[in-house]
Structure formats: C-alpha cells, structure tokens
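run03.cif, holding mmCIF, C-alpha atoms and all ligand atoms; chains and numbers go by the auth columns:
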data_input
#
loop_
_atom_site.group_PDB
_atom_site.id
_atom_site.type_symbol
_atom_site.label_atom_id
_atom_site.label_comp_id
_atom_site.label_asym_id
_atom_site.label_seq_id
_atom_site.Cartn_x
_atom_site.Cartn_y
_atom_site.Cartn_z
_atom_site.B_iso_or_equiv
_atom_site.auth_seq_id
_atom_site.auth_asym_id
ATOM 1 C CA MET A 1 -113.661 2.246 -18.852 0.00 1 A
ATOM 2 C CA ARG A 2 -114.776 -0.530 -21.181 0.00 2 A
ATOM 3 C CA LEU A 3 -115.575 -3.437 -18.920 0.00 3 A
ATOM 4 C CA ARG A 4 -117.851 -4.755 -21.611 0.00 4 A
ATOM 5 C CA ASN A 5 -118.645 -8.141 -20.164 0.00 5 A
ATOM 6 C CA ILE A 6 -119.552 -7.621 -16.544 0.00 6 A
ATOM 7 C CA LYS A 7 -121.836 -10.542 -15.808 0.00 7 A
ATOM 8 C CA GLY A 8 -125.446 -9.593 -15.411 0.00 8 A
ATOM 9 C CA SER A 9 -125.007 -5.935 -16.372 0.00 9 A
ATOM 10 C CA ARG A 10 -127.759 -6.145 -18.981 0.00 10 A
ATOM 11 C CA GLU A 11 -130.119 -7.676 -16.422 0.00 11 A
ATOM 12 C CA MET A 12 -129.287 -4.957 -13.893 0.00 12 A
ATOM 13 C CA ILE A 13 -129.895 -2.279 -16.496 0.00 13 A
ATOM 14 C CA ALA A 14 -133.197 -3.893 -17.490 0.00 14 A
ATOM 15 C CA ALA A 15 -134.340 -3.697 -13.868 0.00 15 A
ATOM 16 C CA SER A 16 -133.192 -0.134 -13.170 0.00 16 A
ATOM 17 C CA GLU A 17 -135.775 2.578 -12.590 0.00 17 A
ATOM 18 C CA PHE A 18 -133.267 5.170 -13.844 0.00 18 A
ATOM 19 C CA VAL A 19 -132.987 3.688 -17.325 0.00 19 A
ATOM 20 C CA ILE A 20 -135.359 4.318 -20.169 0.00 20 A
ATOM 21 C CA HIS A 21 -135.053 1.440 -22.585 0.00 21 A
ATOM 22 C CA GLU A 22 -134.397 2.269 -26.193 0.00 22 A
ATOM 23 C CA GLU A 23 -137.204 0.053 -27.429 0.00 23 A
ATOM 24 C CA GLU A 24 -139.646 1.728 -25.017 0.00 24 A
ATOM 25 C CA THR A 25 -138.718 5.310 -25.893 0.00 25 A
ATOM 26 C CA ARG A 26 -141.129 7.266 -27.967 0.00 26 A
ATOM 27 C CA ALA A 27 -139.889 10.437 -29.628 0.00 27 A
ATOM 28 C CA GLY A 28 -141.928 13.420 -28.513 0.00 28 A
ATOM 29 C CA THR A 29 -142.794 12.075 -25.046 0.00 29 A
ATOM 30 C CA TRP A 30 -139.843 13.288 -22.962 0.00 30 A
ATOM 31 C CA HIS A 31 -141.596 16.256 -21.396 0.00 31 A
ATOM 32 C CA ALA A 32 -144.425 13.971 -20.334 0.00 32 A
ATOM 33 C CA LEU A 33 -141.935 11.482 -18.906 0.00 33 A
ATOM 34 C CA PHE A 34 -140.289 14.146 -16.735 0.00 34 A
ATOM 35 C CA GLY A 35 -143.713 15.675 -15.976 0.00 35 A
ATOM 36 C CA ASN A 36 -142.725 19.240 -16.890 0.00 36 A
ATOM 37 C CA GLU A 37 -141.860 21.500 -19.818 0.00 37 A
ATOM 38 C CA ASN A 38 -138.266 22.150 -18.732 0.00 38 A
ATOM 39 C CA PRO A 39 -135.497 22.189 -21.372 0.00 39 A
ATOM 40 C CA LEU A 40 -133.963 18.840 -22.329 0.00 40 A
ATOM 41 C CA HIS A 41 -130.162 18.463 -22.409 0.00 41 A
ATOM 42 C CA ILE A 42 -128.466 15.211 -23.368 0.00 42 A
ATOM 43 C CA GLU A 43 -124.916 13.859 -23.177 0.00 43 A
ATOM 44 C CA ILE A 44 -123.885 11.381 -25.842 0.00 44 A
ATOM 45 C CA GLY A 45 -121.183 8.990 -24.623 0.00 45 A
ATOM 46 C CA MET A 46 -121.611 9.908 -20.965 0.00 46 A
ATOM 47 C CA GLY A 47 -119.347 7.149 -19.623 0.00 47 A
ATOM 48 C CA LYS A 48 -119.866 6.611 -15.890 0.00 48 A
ATOM 49 C CA GLY A 49 -122.194 9.594 -15.633 0.00 49 A
ATOM 50 C CA LYS A 50 -120.289 11.978 -13.331 0.00 50 A
ATOM 51 C CA PHE A 51 -120.905 15.026 -15.560 0.00 51 A
ATOM 52 C CA MET A 52 -124.617 14.278 -16.024 0.00 52 A
ATOM 53 C CA MET A 53 -125.151 13.764 -12.290 0.00 53 A
ATOM 54 C CA SER A 54 -123.322 16.966 -11.342 0.00 54 A
ATOM 55 C CA MET A 55 -125.255 18.947 -13.970 0.00 55 A
ATOM 56 C CA ALA A 56 -128.606 17.491 -12.876 0.00 56 A
ATOM 57 C CA LYS A 57 -127.885 18.478 -9.251 0.00 57 A
ATOM 58 C CA LYS A 58 -126.713 21.945 -10.225 0.00 58 A
ATOM 59 C CA HIS A 59 -129.623 22.655 -12.604 0.00 59 A
ATOM 60 C CA PRO A 60 -132.797 21.093 -11.188 0.00 60 A
ATOM 61 C CA HIS A 61 -134.938 22.953 -13.756 0.00 61 A
ATOM 62 C CA ILE A 62 -133.290 21.239 -16.701 0.00 62 A
ATOM 63 C CA ASN A 63 -134.034 17.642 -17.661 0.00 63 A
ATOM 64 C CA TYR A 64 -131.033 15.472 -18.558 0.00 64 A
ATOM 65 C CA VAL A 65 -130.668 12.236 -20.489 0.00 65 A
ATOM 66 C CA GLY A 66 -127.301 10.462 -20.476 0.00 66 A
ATOM 67 C CA ILE A 67 -126.657 8.128 -23.405 0.00 67 A
ATOM 68 C CA GLU A 68 -124.053 5.374 -23.266 0.00 68 A
ATOM 69 C CA LYS A 69 -123.367 2.551 -25.702 0.00 69 A
ATOM 70 C CA TYR A 70 -121.948 -0.059 -23.305 0.00 70 A
ATOM 71 C CA SER A 71 -123.945 -1.785 -20.568 0.00 71 A
ATOM 72 C CA SER A 72 -120.914 -2.320 -18.357 0.00 72 A
ATOM 73 C CA VAL A 73 -120.145 1.421 -18.371 0.00 73 A
ATOM 74 C CA LEU A 74 -123.771 2.459 -17.893 0.00 74 A
ATOM 75 C CA LEU A 75 -123.911 0.163 -14.899 0.00 75 A
ATOM 76 C CA ARG A 76 -121.418 2.429 -13.114 0.00 76 A
ATOM 77 C CA ALA A 77 -123.719 5.410 -13.620 0.00 77 A
ATOM 78 C CA ILE A 78 -126.682 3.426 -12.286 0.00 78 A
ATOM 79 C CA GLU A 79 -124.667 2.433 -9.223 0.00 79 A
ATOM 80 C CA LYS A 80 -123.843 6.108 -8.598 0.00 80 A
ATOM 81 C CA MET A 81 -127.532 7.038 -8.848 0.00 81 A
ATOM 82 C CA GLU A 82 -128.422 4.274 -6.412 0.00 82 A
ATOM 83 C CA GLN A 83 -125.940 5.646 -3.886 0.00 83 A
ATOM 84 C CA GLU A 84 -127.685 9.037 -3.873 0.00 84 A
ATOM 85 C CA GLU A 85 -129.858 9.628 -0.833 0.00 85 A
ATOM 86 C CA HIS A 86 -132.451 11.284 -3.079 0.00 86 A
ATOM 87 C CA PRO A 87 -132.235 9.987 -6.666 0.00 87 A
ATOM 88 C CA LEU A 88 -132.299 12.842 -9.150 0.00 88 A
ATOM 89 C CA PRO A 89 -135.783 13.295 -10.639 0.00 89 A
ATOM 90 C CA ASN A 90 -134.413 15.220 -13.645 0.00 90 A
ATOM 91 C CA LEU A 91 -131.965 12.582 -14.920 0.00 91 A
ATOM 92 C CA ARG A 92 -132.469 9.378 -16.870 0.00 92 A
ATOM 93 C CA PHE A 93 -130.135 7.103 -18.810 0.00 93 A
ATOM 94 C CA ILE A 94 -130.414 5.193 -22.089 0.00 94 A
ATOM 95 C CA ARG A 95 -128.133 2.406 -23.269 0.00 95 A
ATOM 96 C CA MET A 96 -127.919 2.789 -27.009 0.00 96 A
ATOM 97 C CA ASP A 97 -125.682 3.598 -29.935 0.00 97 A
ATOM 98 C CA ALA A 98 -126.147 7.265 -30.771 0.00 98 A
ATOM 99 C CA GLU A 99 -126.470 6.305 -34.451 0.00 99 A
ATOM 100 C CA ASN A 100 -130.138 5.690 -33.686 0.00 100 A
ATOM 101 C CA ILE A 101 -130.743 8.935 -31.845 0.00 101 A
ATOM 102 C CA GLY A 102 -133.346 10.135 -34.360 0.00 102 A
ATOM 103 C CA LYS A 103 -135.658 7.298 -33.266 0.00 103 A
ATOM 104 C CA VAL A 104 -135.539 8.319 -29.616 0.00 104 A
ATOM 105 C CA PHE A 105 -136.025 12.088 -29.802 0.00 105 A
ATOM 106 C CA ASP A 106 -138.472 14.068 -31.896 0.00 106 A
ATOM 107 C CA ARG A 107 -137.644 16.966 -34.188 0.00 107 A
ATOM 108 C CA GLY A 108 -136.694 19.970 -32.038 0.00 108 A
ATOM 109 C CA GLU A 109 -137.174 18.068 -28.767 0.00 109 A
ATOM 110 C CA VAL A 110 -133.575 18.460 -27.527 0.00 110 A
ATOM 111 C CA ASP A 111 -132.243 21.862 -26.404 0.00 111 A
ATOM 112 C CA ARG A 112 -128.577 20.985 -25.938 0.00 112 A
ATOM 113 C CA ILE A 113 -126.220 18.141 -26.766 0.00 113 A
ATOM 114 C CA TYR A 114 -123.036 17.629 -24.741 0.00 114 A
ATOM 115 C CA LEU A 115 -120.172 15.657 -26.259 0.00 115 A
ATOM 116 C CA ASN A 116 -117.369 15.170 -23.764 0.00 116 A
ATOM 117 C CA PHE A 117 -114.075 13.477 -24.602 0.00 117 A
ATOM 118 C CA SER A 118 -115.676 11.520 -27.427 0.00 118 A
ATOM 119 C CA ASP A 119 -113.787 8.560 -28.843 0.00 119 A
ATOM 120 C CA PRO A 120 -111.331 9.908 -31.481 0.00 120 A
ATOM 121 C CA TRP A 121 -111.563 7.096 -34.050 0.00 121 A
ATOM 122 C CA PRO A 122 -108.153 8.147 -35.475 0.00 122 A
ATOM 123 C CA LYS A 123 -108.266 6.065 -38.684 0.00 123 A
ATOM 124 C CA ASP A 124 -109.675 7.965 -41.697 0.00 124 A
ATOM 125 C CA ARG A 125 -111.888 5.029 -42.611 0.00 125 A
ATOM 126 C CA HIS A 126 -113.655 5.382 -39.225 0.00 126 A
ATOM 127 C CA ALA A 127 -114.223 9.157 -39.491 0.00 127 A
ATOM 128 C CA LYS A 128 -118.008 8.664 -39.807 0.00 128 A
ATOM 129 C CA ARG A 129 -118.065 7.171 -36.311 0.00 129 A
ATOM 130 C CA ARG A 130 -116.704 10.357 -34.711 0.00 130 A
ATOM 131 C CA LEU A 131 -119.537 12.031 -32.828 0.00 131 A
ATOM 132 C CA THR A 132 -118.731 15.368 -34.510 0.00 132 A
ATOM 133 C CA SER A 133 -118.689 13.992 -38.100 0.00 133 A
ATOM 134 C CA GLY A 134 -121.022 15.412 -40.737 0.00 134 A
ATOM 135 C CA GLU A 135 -123.113 12.228 -40.431 0.00 135 A
ATOM 136 C CA PHE A 136 -123.662 12.809 -36.712 0.00 136 A
ATOM 137 C CA LEU A 137 -124.316 16.540 -37.206 0.00 137 A
ATOM 138 C CA THR A 138 -127.111 15.565 -39.628 0.00 138 A
ATOM 139 C CA ARG A 139 -128.589 13.328 -36.899 0.00 139 A
ATOM 140 C CA TYR A 140 -128.351 16.209 -34.401 0.00 140 A
ATOM 141 C CA GLU A 141 -130.153 18.548 -36.836 0.00 141 A
ATOM 142 C CA GLN A 142 -133.089 16.134 -36.694 0.00 142 A
ATOM 143 C CA ILE A 143 -133.515 16.375 -32.918 0.00 143 A
ATOM 144 C CA LEU A 144 -132.177 19.799 -31.910 0.00 144 A
ATOM 145 C CA ASN A 145 -134.373 22.770 -31.286 0.00 145 A
ATOM 146 C CA PRO A 146 -133.512 25.422 -33.978 0.00 146 A
ATOM 147 C CA ASP A 147 -131.814 27.482 -31.211 0.00 147 A
ATOM 148 C CA GLY A 148 -130.200 24.388 -29.684 0.00 148 A
ATOM 149 C CA GLN A 149 -126.466 24.009 -29.224 0.00 149 A
ATOM 150 C CA VAL A 150 -123.787 21.357 -29.264 0.00 150 A
ATOM 151 C CA GLU A 151 -121.068 21.750 -26.622 0.00 151 A
ATOM 152 C CA PHE A 152 -117.941 19.688 -27.203 0.00 152 A
ATOM 153 C CA LYS A 153 -114.892 19.256 -24.954 0.00 153 A
ATOM 154 C CA THR A 154 -111.764 17.213 -25.630 0.00 154 A
ATOM 155 C CA ASP A 155 -108.017 17.232 -25.064 0.00 155 A
ATOM 156 C CA ASN A 156 -107.468 15.648 -28.483 0.00 156 A
ATOM 157 C CA ARG A 157 -106.284 18.401 -30.816 0.00 157 A
ATOM 158 C CA GLU A 158 -106.708 16.321 -34.014 0.00 158 A
ATOM 159 C CA LEU A 159 -110.301 15.478 -33.140 0.00 159 A
ATOM 160 C CA PHE A 160 -110.964 19.092 -32.162 0.00 160 A
ATOM 161 C CA ASP A 161 -109.589 20.437 -35.475 0.00 161 A
ATOM 162 C CA PHE A 162 -111.576 17.807 -37.391 0.00 162 A
ATOM 163 C CA SER A 163 -114.714 18.869 -35.501 0.00 163 A
ATOM 164 C CA ILE A 164 -114.252 22.561 -36.331 0.00 164 A
ATOM 165 C CA GLU A 165 -113.878 21.691 -40.026 0.00 165 A
ATOM 166 C CA SER A 166 -116.853 19.371 -39.966 0.00 166 A
ATOM 167 C CA ILE A 167 -119.041 22.040 -38.284 0.00 167 A
ATOM 168 C CA LYS A 168 -117.981 24.664 -40.845 0.00 168 A
ATOM 169 C CA GLU A 169 -118.535 22.290 -43.790 0.00 169 A
ATOM 170 C CA LYS A 170 -122.039 21.610 -42.544 0.00 170 A
ATOM 171 C CA GLY A 171 -122.797 25.365 -42.486 0.00 171 A
ATOM 172 C CA TRP A 172 -123.234 25.453 -38.693 0.00 172 A
ATOM 173 C CA LYS A 173 -122.090 28.483 -36.674 0.00 173 A
ATOM 174 C CA LEU A 174 -119.256 28.309 -34.171 0.00 174 A
ATOM 175 C CA GLN A 175 -120.348 30.431 -31.222 0.00 175 A
ATOM 176 C CA ALA A 176 -117.264 29.890 -29.055 0.00 176 A
ATOM 177 C CA VAL A 177 -113.894 28.158 -29.372 0.00 177 A
ATOM 178 C CA THR A 178 -111.078 27.837 -26.853 0.00 178 A
ATOM 179 C CA TYR A 179 -107.930 25.732 -26.915 0.00 179 A
ATOM 180 C CA ASN A 180 -107.406 26.122 -23.170 0.00 180 A
ATOM 181 C CA LEU A 181 -110.733 26.025 -21.379 0.00 181 A
ATOM 182 C CA HIS A 182 -109.343 26.114 -17.862 0.00 182 A
ATOM 183 C CA GLN A 183 -107.449 29.344 -18.624 0.00 183 A
ATOM 184 C CA ASP A 184 -110.443 30.957 -20.362 0.00 184 A
ATOM 185 C CA GLN A 185 -112.162 33.144 -17.789 0.00 185 A
ATOM 186 C CA LYS A 186 -115.467 33.399 -19.668 0.00 186 A
ATOM 187 C CA LEU A 187 -115.891 29.827 -20.931 0.00 187 A
ATOM 188 C CA SER A 188 -114.650 28.176 -17.745 0.00 188 A
ATOM 189 C CA GLU A 189 -117.279 29.930 -15.637 0.00 189 A
ATOM 190 C CA GLY A 190 -119.530 27.222 -14.185 0.00 190 A
ATOM 191 C CA ASN A 191 -117.541 24.483 -15.962 0.00 191 A
ATOM 192 C CA VAL A 192 -118.355 21.023 -14.633 0.00 192 A
ATOM 193 C CA MET A 193 -115.470 18.605 -15.132 0.00 193 A
ATOM 194 C CA THR A 194 -116.062 15.173 -16.600 0.00 194 A
ATOM 195 C CA GLU A 195 -114.185 12.063 -15.490 0.00 195 A
ATOM 196 C CA TYR A 196 -111.865 12.238 -18.507 0.00 196 A
ATOM 197 C CA GLU A 197 -111.395 15.980 -18.097 0.00 197 A
ATOM 198 C CA GLU A 198 -110.184 15.490 -14.528 0.00 198 A
ATOM 199 C CA ARG A 199 -107.810 12.774 -15.623 0.00 199 A
ATOM 200 C CA PHE A 200 -106.332 14.571 -18.639 0.00 200 A
ATOM 201 C CA SER A 201 -106.107 18.029 -17.108 0.00 201 A
ATOM 202 C CA ALA A 202 -104.273 16.504 -14.109 0.00 202 A
ATOM 203 C CA MET A 203 -101.716 15.238 -16.658 0.00 203 A
ATOM 204 C CA GLY A 204 -101.260 18.838 -17.855 0.00 204 A
ATOM 205 C CA ASN A 205 -103.194 18.484 -21.144 0.00 205 A
ATOM 206 C CA PRO A 206 -105.021 21.656 -22.186 0.00 206 A
ATOM 207 C CA ILE A 207 -108.760 21.132 -22.648 0.00 207 A
ATOM 208 C CA HIS A 208 -110.350 22.389 -25.874 0.00 208 A
ATOM 209 C CA LYS A 209 -113.995 23.424 -26.039 0.00 209 A
ATOM 210 C CA LEU A 210 -116.371 24.611 -28.737 0.00 210 A
ATOM 211 C CA ILE A 211 -120.016 25.613 -28.774 0.00 211 A
ATOM 212 C CA ALA A 212 -121.832 25.273 -32.095 0.00 212 A
ATOM 213 C CA LYS A 213 -125.314 25.975 -33.400 0.00 213 A
ATOM 214 C CA GLN A 214 -126.963 24.930 -36.635 0.00 214 A
HETATM 215 N N1 LIG B . -118.022 11.632 -21.454 0.00 301 A
HETATM 216 C C1 LIG B . -117.250 10.884 -20.480 0.00 301 A
HETATM 217 C C2 LIG B . -116.137 11.725 -19.908 0.00 301 A
HETATM 218 O O1 LIG B . -115.835 12.778 -20.483 0.00 301 A
HETATM 219 O O2 LIG B . -115.595 11.350 -18.856 0.00 301 A
HETATM 220 C C3 LIG B . -116.729 9.578 -21.084 0.00 301 A
HETATM 221 C C4 LIG B . -115.758 9.707 -22.219 0.00 301 A
HETATM 222 S S1 LIG B . -115.313 8.132 -22.940 0.00 301 A
HETATM 223 C C5 LIG B . -113.806 8.457 -23.739 0.00 301 A
HETATM 224 C C6 LIG B . -116.421 8.025 -24.319 0.00 301 A
HETATM 225 C C7 LIG B . -117.688 7.266 -24.007 0.00 301 A
HETATM 226 O O3 LIG B . -118.564 7.379 -25.139 0.00 301 A
HETATM 227 C C8 LIG B . -117.479 5.793 -23.769 0.00 301 A
HETATM 228 O O4 LIG B . -118.099 5.414 -22.568 0.00 301 A
HETATM 229 C C9 LIG B . -118.139 5.129 -24.996 0.00 301 A
HETATM 230 O O5 LIG B . -118.669 3.855 -24.706 0.00 301 A
HETATM 231 C C10 LIG B . -119.198 6.128 -25.362 0.00 301 A
HETATM 232 N N2 LIG B . -119.615 6.095 -26.787 0.00 301 A
HETATM 233 C C11 LIG B . -118.772 6.095 -27.849 0.00 301 A
HETATM 234 N N3 LIG B . -119.469 6.062 -29.013 0.00 301 A
HETATM 235 C C12 LIG B . -120.792 6.065 -28.662 0.00 301 A
HETATM 236 C C13 LIG B . -121.994 6.013 -29.405 0.00 301 A
HETATM 237 N N4 LIG B . -121.987 5.939 -30.756 0.00 301 A
HETATM 238 N N5 LIG B . -123.177 6.018 -28.736 0.00 301 A
HETATM 239 C C14 LIG B . -123.194 6.062 -27.382 0.00 301 A
HETATM 240 N N6 LIG B . -122.076 6.098 -26.610 0.00 301 A
HETATM 241 C C15 LIG B . -120.881 6.093 -27.239 0.00 301 A
#
Now, as a test, write the supplied structure out as structure tokens.
Ligand code: SAM
Amino acid sequence: MRLRNIKGSREMIAASEFVIHEEETRAGTWHALFGNENPLHIEIGMGKGKFMMSMAKKHPHINYVGIEKYSSVLLRAIEKMEQEEHPLPNLRFIRMDAENIGKVFDRGEVDRIYLNFSDPWPKDRHAKRRLTSGEFLTRYEQILNPDGQVEFKTDNRELFDFSIESIKEKGWKLQAVTYNLHQDQKLSEGNVMTEYEERFSAMGNPIHKLIAKQ
C-alpha cells in the first residue's frame, strides 16, 4: 500500500481535477463546492479509494470526501477515477494528515465519518495517532453535525477494544457494535467492502464494526 516515493505523484496530484488541495480548502464551503445541500460523508485513511468510489456510485445524493495522507496511495484513487467513463460528481479527494481536519471542515459541516481498517499503531506511546483515540474524537467533535456518526470497521481486535474504551471515556454513545459484521444480518445490510476488508475476510478474519455518536 505505501509506495511513498512514486516519482511525480505529487505533481500528478497537483494537476488532478478530483483533488481539493489542503491549502485551498476553506471550512464551510463544501456545499458550495459540490453545488448542493446534500449530506457530507468523509473517509479518513481511504487508501486507494475503492470504498469511497463504490459509496459515491451507490448514493449519488450524498457528497463524499476521501482523505489520504500519502501521495503515492492517493494517486491510485485518482487513477481509478480517471478510468471511470463518467467521473463521479459527488466525490473529491484530499491529501492531508487528518490531524489537521479541523482546518478543512467547519463546525457541524460533516454528517458522517468512516474509518476503515485504520492503522493500529500498536505501541502505547503511539496511541494518540490511532484514528479512534480521544485526541481524534475531539477533532471529530469539531466538525461533526450534532447528529453525525462515526462508523469504524477493522479486523484488529486490540484496536477495536481500544476504540470502544476511548469512545466510552469521551462520553460518546455506541449505537451499534458487532464482532462479526459479515454474520450480522442487520449491520451487514448494504455493507460495502473496502480493499482491506476483502483481503482480511478472505483470510477468514472476522470483521468488527461499531457506530458511534457524540
Ligand atoms: N481504508 C482503506 C481500506 O480499508 O482498504 C485503507 C486502509 S489502510 C490500512 C490505512 C490508510 O490510512 C493508509 O492508506 C494510510 O496512509 C492512511 N492514514 C493513516 N493515518 C492517516 C492520517 N492521520 N491521515 C490521513 N490518512 C491516514
């Protein structure tokens, strides 16, 4: 996944019509950018963008923004968009570290945050970097609509348990939890698999999912 140094990837990203550049983003202007008042759903750490593209096709009345830290990975998502006969009008990408997410979205501007197979950062000293840490939940509180949700999927049980604790400690509500998404009739309805989900479920790993609300 992390082909960090593909030559020219930054230049290709700079030239792409599908990318909104972090320095150009202005919190509070996303509805204007998409030209409608549809809900805004984002994926943090989208990887090569399969999930975001499938969701954008399936839900044309929702606007999507896929966020990815590494240029070389984002490039794969751009290439996929370019292969589409009709590029998706309701999907854009940003290359950025999600630590700065509060600068890109306004208070209450985001209706849902997807976290899929986020990096586990197993060492205790790196816990703050986990996308479900208290520090990140505070950042999400700044951009989520009061009714907005975080949906998190992973096959990593340690990260999942950490996330449940972190959500509870923060005083958020857990609306749904499953340790085996693909066997859960209700939660698996309409499930769109991510690249990592396909890979890990094919290996027989159960997929865990939670939905949380502040
Ligand atoms: N969501 C995809 C999936 O399920 O197939 C990709 C999962 S991959 C394990 C995690 C991705 O999150 C990587 O592409 C990584 O570069 C990205 N990422 C990790 N930390 C991030 C951060 N702080 N901001 C933005 N992206 C991040």
Test item: residues no farther than 6 Å from ligand LIG 301 (chain A), counting only C-alpha atoms and all ligand atoms, as a list in words:
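Within the 6 Å cut-off, the matching residues are Ile44, Gly45, Met46, Gly47, Ile67, Glu68, Lys69, Tyr70, Met96, Asp97, Ala98, Glu99, Asn116, Phe117, Ser118, Asp119, Thr194, Glu195, Tyr196 and Glu197 of chain A.
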For the selection just defined, write its residues with C-alpha atoms to a file, as a CSV table (one decimal), in the coordinates of the input.
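File result.csv, as written:
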chain,number,residue,atom,x,y,z
A,44,ILE,CA,-123.9,11.4,-25.8
A,45,GLY,CA,-121.2,9.0,-24.6
A,46,MET,CA,-121.6,9.9,-21.0
A,47,GLY,CA,-119.3,7.1,-19.6
A,67,ILE,CA,-126.7,8.1,-23.4
A,68,GLU,CA,-124.1,5.4,-23.3
A,69,LYS,CA,-123.4,2.6,-25.7
A,70,TYR,CA,-121.9,-0.1,-23.3
A,96,MET,CA,-127.9,2.8,-27.0
A,97,ASP,CA,-125.7,3.6,-29.9
A,98,ALA,CA,-126.1,7.3,-30.8
A,99,GLU,CA,-126.5,6.3,-34.5
A,116,ASN,CA,-117.4,15.2,-23.8
A,117,PHE,CA,-114.1,13.5,-24.6
A,118,SER,CA,-115.7,11.5,-27.4
A,119,ASP,CA,-113.8,8.6,-28.8
A,194,THR,CA,-116.1,15.2,-16.6
A,195,GLU,CA,-114.2,12.1,-15.5
A,196,TYR,CA,-111.9,12.2,-18.5
A,197,GLU,CA,-111.4,16.0,-18.1
Residue with smallest distance to Phe152 of chain A - pool A:Ile42, A:Ala176, A:Ala77, A:Ile211, counting all atoms listed in the file
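Answer, going by the shortest atom-to-atom distance: A:Ile211.
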Picked residues, the PyMOL selection byres (((chain A and resi 169) around 12) and not hetatm), expected as a VMD selection string:
chain A and resid 132 to 135 137 to 138 162 to 168 170 to 174 214
For the provided coordinates, the residues matched by the PyMOL selection byres (((chain A and resi 105-113) around 8) and not hetatm) should be stated as a ChimeraX atom specification.
/A:26-28,30,39-44,101-104,114-115,142-151
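In this model, the gap between atom CA of Phe93 of chain A and atom CA of Ile20 of chain A comes to 6.1 Å.
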In Å, rounded to a single decimal, give me how far atom CA of Tyr64 of chain A is from atom CA of Arg92 of chain A.
6.5 Å
Taking only C-alpha atoms into account, which of A:Met52, A:Ala32, A:Ile13, A:Val65 comes nearest Ile78 of chain A?
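Nearest to Ile78 of chain A: A:Ile13.
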Minimum-distance residue to Lys123 of chain A, chosen among A:Leu159, A:Tyr140, A:Lys50, A:Lys80 (using all atoms listed in the file)
A:Leu159
Separation of atom CA of Asn63 of chain A from atom CA of Leu91 of chain A in Å:
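Computed distance, atom CA of Leu91 of chain A to atom CA of Asn63 of chain A, equals 6.1 Å.
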Taking into account only C-alpha atoms, which residue in the set A:Ser201, A:Gln83, A:Asn180, A:Asn100 is nearest to Met53 of chain A?
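Ranking A:Ser201, A:Gln83, A:Asn180, A:Asn100 by distance to Met53 of chain A, first place goes to A:Gln83.
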Run the PyMOL selection byres (((chain A and resi 177) around 6) and not hetatm) against the file shown and list the residues it catches, as an MDAnalysis selection string.
chainID A and resid 176 178 209:210
